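The data block below is start.cif; it holds mmCIF, C-alpha atoms.
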```
data_entry
#
loop_
_atom_site.group_PDB
_atom_site.id
_atom_site.type_symbol
_atom_site.label_atom_id
_atom_site.label_comp_id
_atom_site.auth_asym_id
_atom_site.auth_seq_id
_atom_site.Cartn_x
_atom_site.Cartn_y
_atom_site.Cartn_z
ATOM 1 C CA MET A 13 6.060 -4.662 15.477
ATOM 2 C CA PHE A 14 3.094 -5.919 17.491
ATOM 3 C CA GLU A 15 4.278 -3.971 20.523
ATOM 4 C CA GLU A 16 4.152 -0.733 18.524
ATOM 5 C CA LEU A 17 0.695 -1.546 17.214
ATOM 6 C CA HIS A 18 -0.603 -2.406 20.674
ATOM 7 C CA GLU A 19 0.825 0.894 21.956
ATOM 8 C CA LEU A 20 -1.419 2.731 19.488
ATOM 9 C CA LEU A 21 -4.396 1.071 21.137
ATOM 10 C CA GLU A 22 -3.226 1.483 24.718
ATOM 11 C CA ASN A 23 -2.335 5.144 24.257
ATOM 12 C CA LYS A 24 -5.537 5.847 22.306
ATOM 13 C CA ARG A 25 -3.456 7.053 19.356
ATOM 14 C CA LEU A 26 -4.940 4.701 16.758
ATOM 15 C CA THR A 27 -5.396 6.777 13.631
ATOM 16 C CA LYS A 28 -4.816 5.901 10.014
ATOM 17 C CA ASN A 29 -1.832 8.258 9.876
ATOM 18 C CA ASN A 30 -0.209 6.704 12.955
ATOM 19 C CA LEU A 31 -0.824 3.203 11.614
ATOM 20 C CA MET A 32 0.585 4.223 8.225
ATOM 21 C CA ALA A 33 3.722 5.563 9.901
ATOM 22 C CA ILE A 34 4.391 2.127 11.413
ATOM 23 C CA LEU A 35 3.568 0.298 8.164
ATOM 24 C CA LYS A 36 5.865 2.609 6.178
ATOM 25 C CA GLU A 37 8.697 2.194 8.685
ATOM 26 C CA LYS A 38 8.464 -1.603 8.424
ATOM 27 C CA ALA A 39 8.000 -1.562 4.629
ATOM 28 C CA LYS A 40 11.251 0.404 4.232
ATOM 29 C CA LYS A 41 13.095 -2.672 5.523
ATOM 30 C CA ILE A 42 11.830 -4.747 2.594
ATOM 31 C CA SER A 43 14.344 -4.850 -0.242
ATOM 32 C CA ILE A 44 13.979 -5.808 -3.878
ATOM 33 C CA PHE A 45 15.508 -9.158 -2.923
ATOM 34 C CA ASP A 46 12.795 -9.663 -0.310
ATOM 35 C CA LEU A 47 10.166 -8.934 -2.974
ATOM 36 C CA MET A 48 11.839 -11.462 -5.271
ATOM 37 C CA GLU A 49 11.706 -14.021 -2.455
ATOM 38 C CA ALA A 50 8.006 -13.243 -1.933
ATOM 39 C CA ASN A 51 7.411 -13.736 -5.650
ATOM 40 C CA GLN A 52 9.175 -17.099 -5.453
ATOM 41 C CA TYR A 53 6.995 -18.041 -2.483
ATOM 42 C CA ILE A 54 3.903 -17.175 -4.559
ATOM 43 C CA LEU A 55 5.191 -19.316 -7.425
ATOM 44 C CA GLN A 56 5.620 -22.244 -5.038
ATOM 45 C CA ASP A 57 2.081 -21.769 -3.731
ATOM 46 C CA ILE A 58 0.749 -21.916 -7.276
ATOM 47 C CA GLU A 59 1.739 -25.572 -7.506
ATOM 48 C CA PHE A 60 -1.284 -26.365 -5.336
ATOM 49 C CA VAL A 61 -3.707 -24.351 -7.482
ATOM 50 C CA GLN A 62 -5.583 -25.930 -10.367
ATOM 51 C CA GLU A 63 -3.615 -25.344 -13.539
ATOM 52 C CA ARG A 64 -6.293 -23.269 -15.265
ATOM 53 C CA TYR A 65 -6.243 -20.742 -12.385
ATOM 54 C CA GLN A 66 -2.478 -20.528 -11.919
ATOM 55 C CA ASP A 67 -1.706 -17.512 -14.107
ATOM 56 C CA ASP A 68 -4.611 -15.436 -12.773
ATOM 57 C CA PHE A 69 -3.743 -16.476 -9.220
ATOM 58 C CA ARG A 70 -0.104 -15.427 -9.651
ATOM 59 C CA GLN A 71 -1.021 -12.085 -11.192
ATOM 60 C CA ALA A 72 -3.552 -11.321 -8.456
ATOM 61 C CA TYR A 73 -1.132 -12.229 -5.652
ATOM 62 C CA VAL A 74 1.755 -10.270 -7.138
ATOM 63 C CA LYS A 75 -0.509 -7.260 -7.628
ATOM 64 C CA GLN A 76 -1.997 -7.474 -4.158
ATOM 65 C CA PHE A 77 0.978 -8.384 -2.001
ATOM 66 C CA ILE A 78 4.046 -7.123 -3.816
ATOM 67 C CA GLY A 79 2.230 -4.168 -5.356
ATOM 68 C CA HIS A 80 0.847 -3.069 -2.007
ATOM 69 C CA ILE A 81 4.289 -3.029 -0.403
ATOM 70 C CA ASN A 82 5.342 -0.528 -3.041
ATOM 71 C CA ASN A 83 2.096 1.386 -2.431
ATOM 72 C CA ILE A 84 2.774 1.503 1.310
ATOM 73 C CA LYS A 85 6.255 2.891 0.696
ATOM 74 C CA LYS A 86 4.917 5.630 -1.633
ATOM 75 C CA ASP A 87 1.627 6.429 0.125
ATOM 76 C CA ASP A 88 1.867 9.968 1.513
ATOM 77 C CA THR A 89 -1.881 10.469 1.890
ATOM 78 C CA ASP A 90 -3.042 12.361 4.953
ATOM 79 C CA TYR A 91 -5.800 9.975 5.988
ATOM 80 C CA ASP A 92 -6.775 11.928 9.070
ATOM 81 C CA SER A 93 -7.679 15.295 7.572
ATOM 82 C CA GLY A 94 -10.534 16.791 5.647
ATOM 83 C CA GLY A 95 -13.004 14.527 3.910
ATOM 84 C CA LYS A 96 -10.772 11.473 4.287
ATOM 85 C CA LYS A 97 -10.976 11.317 8.085
ATOM 86 C CA GLU A 98 -12.223 7.847 8.910
ATOM 87 C CA LYS A 99 -11.897 6.251 12.299
ATOM 88 C CA ILE A 100 -10.424 2.808 12.762
ATOM 89 C CA ASP A 101 -12.661 0.556 14.819
ATOM 90 C CA TYR A 102 -10.659 -0.038 18.016
ATOM 91 C CA LYS A 103 -12.303 -3.353 18.855
ATOM 92 C CA GLN A 104 -11.888 -4.708 15.326
ATOM 93 C CA PHE A 105 -8.260 -3.565 15.231
ATOM 94 C CA GLU A 106 -7.522 -5.162 18.599
ATOM 95 C CA LYS A 107 -9.171 -8.414 17.508
ATOM 96 C CA SER A 108 -7.196 -8.336 14.248
ATOM 97 C CA LEU A 109 -3.932 -7.714 16.091
ATOM 98 C CA ASP A 110 -4.632 -10.683 18.324
ATOM 99 C CA THR A 111 -5.300 -12.833 15.240
ATOM 100 C CA LEU A 112 -2.135 -11.664 13.465
ATOM 101 C CA HIS A 113 -0.088 -12.103 16.611
ATOM 102 C CA GLU A 114 -1.383 -15.661 16.898
ATOM 103 C CA VAL A 115 -0.654 -16.431 13.229
ATOM 104 C CA TYR A 116 2.812 -14.863 13.322
ATOM 105 C CA ASP A 117 3.682 -15.580 16.963
ATOM 106 C CA ASP A 118 6.944 -17.426 16.281
ATOM 107 C CA VAL A 119 7.994 -15.325 13.279
ATOM 108 C CA ASN A 120 11.022 -13.084 13.400
ATOM 109 C CA PHE A 121 10.109 -10.409 10.861
ATOM 110 C CA GLU A 122 13.747 -9.338 10.582
ATOM 111 C CA ASP A 123 14.509 -12.747 9.053
ATOM 112 C CA ASP A 124 11.181 -13.617 7.422
ATOM 113 C CA LYS A 125 10.288 -10.740 5.136
ATOM 114 C CA VAL A 126 7.690 -12.786 3.227
ATOM 115 C CA ARG A 127 5.516 -13.059 6.317
ATOM 116 C CA LEU A 128 6.210 -9.422 7.137
ATOM 117 C CA ILE A 129 4.893 -8.518 3.678
ATOM 118 C CA TYR A 130 1.719 -10.536 4.260
ATOM 119 C CA CYS A 131 1.202 -8.930 7.660
ATOM 120 C CA LEU A 132 1.783 -5.362 6.431
ATOM 121 C CA VAL A 133 -0.449 -5.810 3.396
ATOM 122 C CA SER A 134 -3.203 -7.343 5.519
ATOM 123 C CA LEU A 135 -3.196 -4.312 7.821
ATOM 124 C CA TYR A 136 -2.892 -1.838 4.938
ATOM 125 C CA ALA A 137 -5.752 -3.296 2.911
ATOM 126 C CA THR A 138 -8.035 -3.797 5.901
ATOM 127 C CA PHE A 139 -7.502 -0.671 7.982
ATOM 128 C CA ILE A 140 -6.101 1.942 5.605
ATOM 129 C CA LEU A 141 -7.800 1.175 2.291
ATOM 130 C CA ASN A 142 -10.907 -0.533 3.713
ATOM 131 C CA GLU A 143 -10.526 -3.221 1.052
ATOM 132 C CA PRO A 144 -10.338 -7.018 1.107
ATOM 133 C CA ILE A 145 -6.923 -8.559 1.664
ATOM 134 C CA HIS A 146 -7.241 -10.418 -1.654
ATOM 135 C CA SER A 147 -7.991 -8.319 -4.709
ATOM 136 C CA LEU A 148 -11.289 -8.582 -6.548
ATOM 137 C CA ASP A 149 -9.581 -10.420 -9.396
ATOM 138 C CA THR A 150 -8.195 -13.232 -7.217
ATOM 139 C CA PRO A 151 -9.581 -16.502 -8.595
ATOM 140 C CA PHE A 152 -10.987 -19.117 -6.258
ATOM 141 C CA PRO A 153 -12.044 -22.690 -7.101
ATOM 142 C CA GLY A 154 -15.195 -22.820 -9.184
ATOM 143 C CA ASN A 155 -14.230 -19.622 -11.031
ATOM 144 C CA LEU A 156 -15.476 -17.606 -8.056
ATOM 145 C CA LYS A 157 -14.142 -14.220 -7.036
ATOM 146 C CA ILE A 158 -14.664 -11.656 -4.332
ATOM 147 C CA LYS A 159 -17.548 -9.370 -5.231
ATOM 148 C CA LYS A 160 -18.474 -5.890 -4.124
ATOM 149 C CA LEU A 161 -22.190 -5.303 -3.790
ATOM 150 C CA GLY A 162 -23.072 -1.864 -2.543
ATOM 151 C CA LYS A 163 -20.571 -0.901 0.106
ATOM 152 C CA TYR A 164 -19.777 -4.487 1.170
ATOM 153 C CA TYR A 165 -17.370 -7.097 -0.119
ATOM 154 C CA TYR A 166 -18.289 -10.783 -0.196
ATOM 155 C CA CYS A 167 -15.866 -13.693 -0.314
ATOM 156 C CA PRO A 168 -16.898 -17.149 -1.539
ATOM 157 C CA VAL A 169 -14.216 -18.965 0.488
ATOM 158 C CA LYS A 170 -13.970 -17.034 3.744
ATOM 159 C CA GLU A 171 -16.018 -19.537 5.724
ATOM 160 C CA THR A 172 -13.968 -22.517 4.535
ATOM 161 C CA GLN A 173 -10.563 -20.816 4.865
ATOM 162 C CA LYS A 174 -10.820 -18.882 8.113
ATOM 163 C CA ASN A 175 -9.568 -21.828 10.166
ATOM 164 C CA THR A 176 -6.709 -22.642 7.785
ATOM 165 C CA GLU A 177 -3.316 -22.308 9.441
ATOM 166 C CA GLY A 178 -1.654 -19.055 8.438
ATOM 167 C CA ALA A 179 -4.833 -17.615 6.892
ATOM 168 C CA VAL A 180 -5.733 -14.033 7.699
ATOM 169 C CA CYS A 181 -9.353 -14.396 6.601
ATOM 170 C CA ASN A 182 -10.565 -13.532 10.086
ATOM 171 C CA ILE A 183 -9.287 -9.968 9.811
ATOM 172 C CA CYS A 184 -10.466 -9.400 6.239
ATOM 173 C CA ILE A 185 -13.396 -7.019 5.797
ATOM 174 C CA CYS A 186 -15.151 -9.409 3.428
ATOM 175 C CA ARG A 187 -18.388 -10.870 4.587
ATOM 176 C CA GLU A 188 -19.028 -14.572 4.362
ATOM 177 C CA ILE A 189 -21.335 -15.835 1.663
ATOM 178 C CA ASP A 190 -22.625 -19.096 0.407
ATOM 179 C CA TYR A 191 -22.309 -19.541 -3.295
ATOM 180 C CA ASP A 192 -25.013 -17.576 -5.074
ATOM 181 C CA PRO A 193 -25.247 -17.567 -8.894
ATOM 182 C CA LYS A 194 -25.928 -13.800 -8.771
ATOM 183 C CA LEU A 195 -22.396 -13.405 -7.378
ATOM 184 C CA ASP A 196 -20.777 -15.554 -10.064
ATOM 185 C CA ALA A 197 -17.531 -14.120 -11.415
ATOM 186 C CA SER A 198 -18.879 -14.154 -14.962
ATOM 187 C CA SER A 199 -21.760 -11.793 -14.125
#
```
Would you mind writing the file's structure down as C-alpha cells?
Amino acid sequence: MFEELHELLENKRLTKNNLMAILKEKAKKISIFDLMEANQYILQDIEFVQERYQDDFRQAYVKQFIGHINNIKKDDTDYDSGGKKEKIDYKQFEKSLDTLHEVYDDVNFEDDKVRLIYCLVSLYATFILNEPIHSLDTPFPGNLKIKKLGKYYYCPVKETQKNTEGAVCNICICREIDYDPKLDASS
C-alpha cells in the first residue's frame, strides 16, 4: 500500500480523489469478520482505560474506526471538483506516510486487517475529511476531549502520546495544547 501512496507523490498525482481510490480499494478487502476482530481489539484495549470512561471510549472508537471503514467504502464524493477542491499538502502527506510506514513497517496488511483499518482511517480522517483521527467525543483521562475552536482542533493528550509506540498522533491535524479550563469537555 505504501508503494502506491508514494507513487502519488512521486508522480505528482496526489489529489483527494486519487487518494480515495486507493483507500477504497484497500477498504474493500476488509470483511465483516475483520470488523468484528477490530471490535474485539477495541474491547481488549478498554481493559486499560479507567472504568468510568470505558463505555464512552468503546463507542467513540467503534464510531471512528469501524464506522469510517464503512464510510470509506460508501464515499463516492468527487473531492476534486467544484467548491470541494482542496489540495493535499504534499510535505505533510509525505511526512505522514513516513510516520505510518515507520509505525507499520513490519505489518502485512493482508494478514493484519486491524492495523490496516487504523492506517486507512488515519489517512481518511486526516487528508480526506480534514478531521482529527479520534472523534470529538473520544474521552481522555481527566474527562478531557478534543475541542474545535474556530477552524482548528486541539487535543489534550497529543504531546504526551505522540511518542507512544503505534500511536499516529504525529499525523493527526490536532494541535497540541496544555490543559486549559476553557477547553474542558463540560463547557
*Apply the PyMOL selection byres ((chain A and resi 77) around 10) to the file shown and report the selected residues as a PyMOL selection string.*
chain A and resi 47+50-51+54+72-76+78-83+126+129-134+137+145-147
Deliver the residues from the most recent selection as a file, using C-alpha atoms, as a PDB file, keeping the file's coordinate frame.
```pdb
ATOM      1  CA  LEU A  47      10.166  -8.934  -2.974  1.00  0.00           C
ATOM      2  CA  ALA A  50       8.006 -13.243  -1.933  1.00  0.00           C
ATOM      3  CA  ASN A  51       7.411 -13.736  -5.650  1.00  0.00           C
ATOM      4  CA  ILE A  54       3.903 -17.175  -4.559  1.00  0.00           C
ATOM      5  CA  ALA A  72      -3.552 -11.321  -8.456  1.00  0.00           C
ATOM      6  CA  TYR A  73      -1.132 -12.229  -5.652  1.00  0.00           C
ATOM      7  CA  VAL A  74       1.755 -10.270  -7.138  1.00  0.00           C
ATOM      8  CA  LYS A  75      -0.509  -7.260  -7.628  1.00  0.00           C
ATOM      9  CA  GLN A  76      -1.997  -7.474  -4.158  1.00  0.00           C
ATOM     10  CA  ILE A  78       4.046  -7.123  -3.816  1.00  0.00           C
ATOM     11  CA  GLY A  79       2.230  -4.168  -5.356  1.00  0.00           C
ATOM     12  CA  HIS A  80       0.847  -3.069  -2.007  1.00  0.00           C
ATOM     13  CA  ILE A  81       4.289  -3.029  -0.403  1.00  0.00           C
ATOM     14  CA  ASN A  82       5.342  -0.528  -3.041  1.00  0.00           C
ATOM     15  CA  ASN A  83       2.096   1.386  -2.431  1.00  0.00           C
ATOM     16  CA  VAL A 126       7.690 -12.786   3.227  1.00  0.00           C
ATOM     17  CA  ILE A 129       4.893  -8.518   3.678  1.00  0.00           C
ATOM     18  CA  TYR A 130       1.719 -10.536   4.260  1.00  0.00           C
ATOM     19  CA  CYS A 131       1.202  -8.930   7.660  1.00  0.00           C
ATOM     20  CA  LEU A 132       1.783  -5.362   6.431  1.00  0.00           C
ATOM     21  CA  VAL A 133      -0.449  -5.810   3.396  1.00  0.00           C
ATOM     22  CA  SER A 134      -3.203  -7.343   5.519  1.00  0.00           C
ATOM     23  CA  ALA A 137      -5.752  -3.296   2.911  1.00  0.00           C
ATOM     24  CA  ILE A 145      -6.923  -8.559   1.664  1.00  0.00           C
ATOM     25  CA  HIS A 146      -7.241 -10.418  -1.654  1.00  0.00           C
ATOM     26  CA  SER A 147      -7.991  -8.319  -4.709  1.00  0.00           C
TER      27      SER A 147
END
```
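With all atoms listed in the file as the basis for measurement, A:Asn182 is the residue among A:Asn182, A:Ser93, A:Thr176, A:Thr138 that approaches Leu112 (chain A) most closely.
Residue nearest Lys107 (chain A) within the list A:Pro168, A:Ile183, A:Met13, A:Thr150: A:Ile183 [criterion: smallest interatomic distance, only C-alpha atoms].
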*Evaluate the PyMOL selection byres ((chain A and resi 125) around 9) and record the selected residues as a list of chain:residue names, following the chain and residue labels used in the document.*
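Output from the PyMOL selection byres ((chain A and resi 125) around 9), applied to this file: A:Lys41, A:Ile42, A:Ser43, A:Asp46, A:Leu47, A:Glu49, A:Ala50, A:Asn120, A:Phe121, A:Glu122, A:Asp123, A:Asp124, A:Val126, A:Arg127, A:Leu128, A:Ile129, A:Tyr130.
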*Could you jot down the CA of His113 (chain A) to CA of Glu19 (chain A) separation for me, Å, one decimal place?*
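Interatomic distance here is 14.1 Å.
Picture a line from CA of Asp90 (chain A) to CA of Ser108 (chain A); it runs 23.1 Å.
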*the PyMOL selection byres ((chain A and resi 57-65) around 12) on the file shown: which residues, as JSON, numbers by chain?*
{"A": [50, 51, 52, 53, 54, 55, 56, 66, 67, 68, 69, 70, 71, 72, 73, 74, 149, 150, 151, 152, 153, 154, 155, 156, 157]}
*From A:Phe139, A:Phe45, A:Phe14, A:Tyr164, residue lying nearest Lys99 (chain A) [only C-alpha atoms]*: A:Phe139
*Compare A:Glu114, A:Glu98, A:Glu106, A:Glu171 by their minimum atom-to-atom distance to Asn142 (chain A), counting only C-alpha atoms, and give me the closest one.*
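For Asn142 (chain A), the nearest of the given residues is A:Glu98.
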*asked:* Ranking A:Leu26, A:Ile84, A:Lys174, A:Cys167 by minimum distance to Lys38 (chain A) and counting only C-alpha atoms, which one comes first?
replied: A:Ile84
*asked:* If I take CA of Leu21 (chain A) and CA of Asp110 (chain A), how far is one from the other in Å, to one decimal?
replied: 12.1 Å
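Across A:Asn23, A:Lys86, A:Tyr165, A:His18, the tightest approach to Glu37 (chain A) is made by A:Lys86 when counting only C-alpha atoms.
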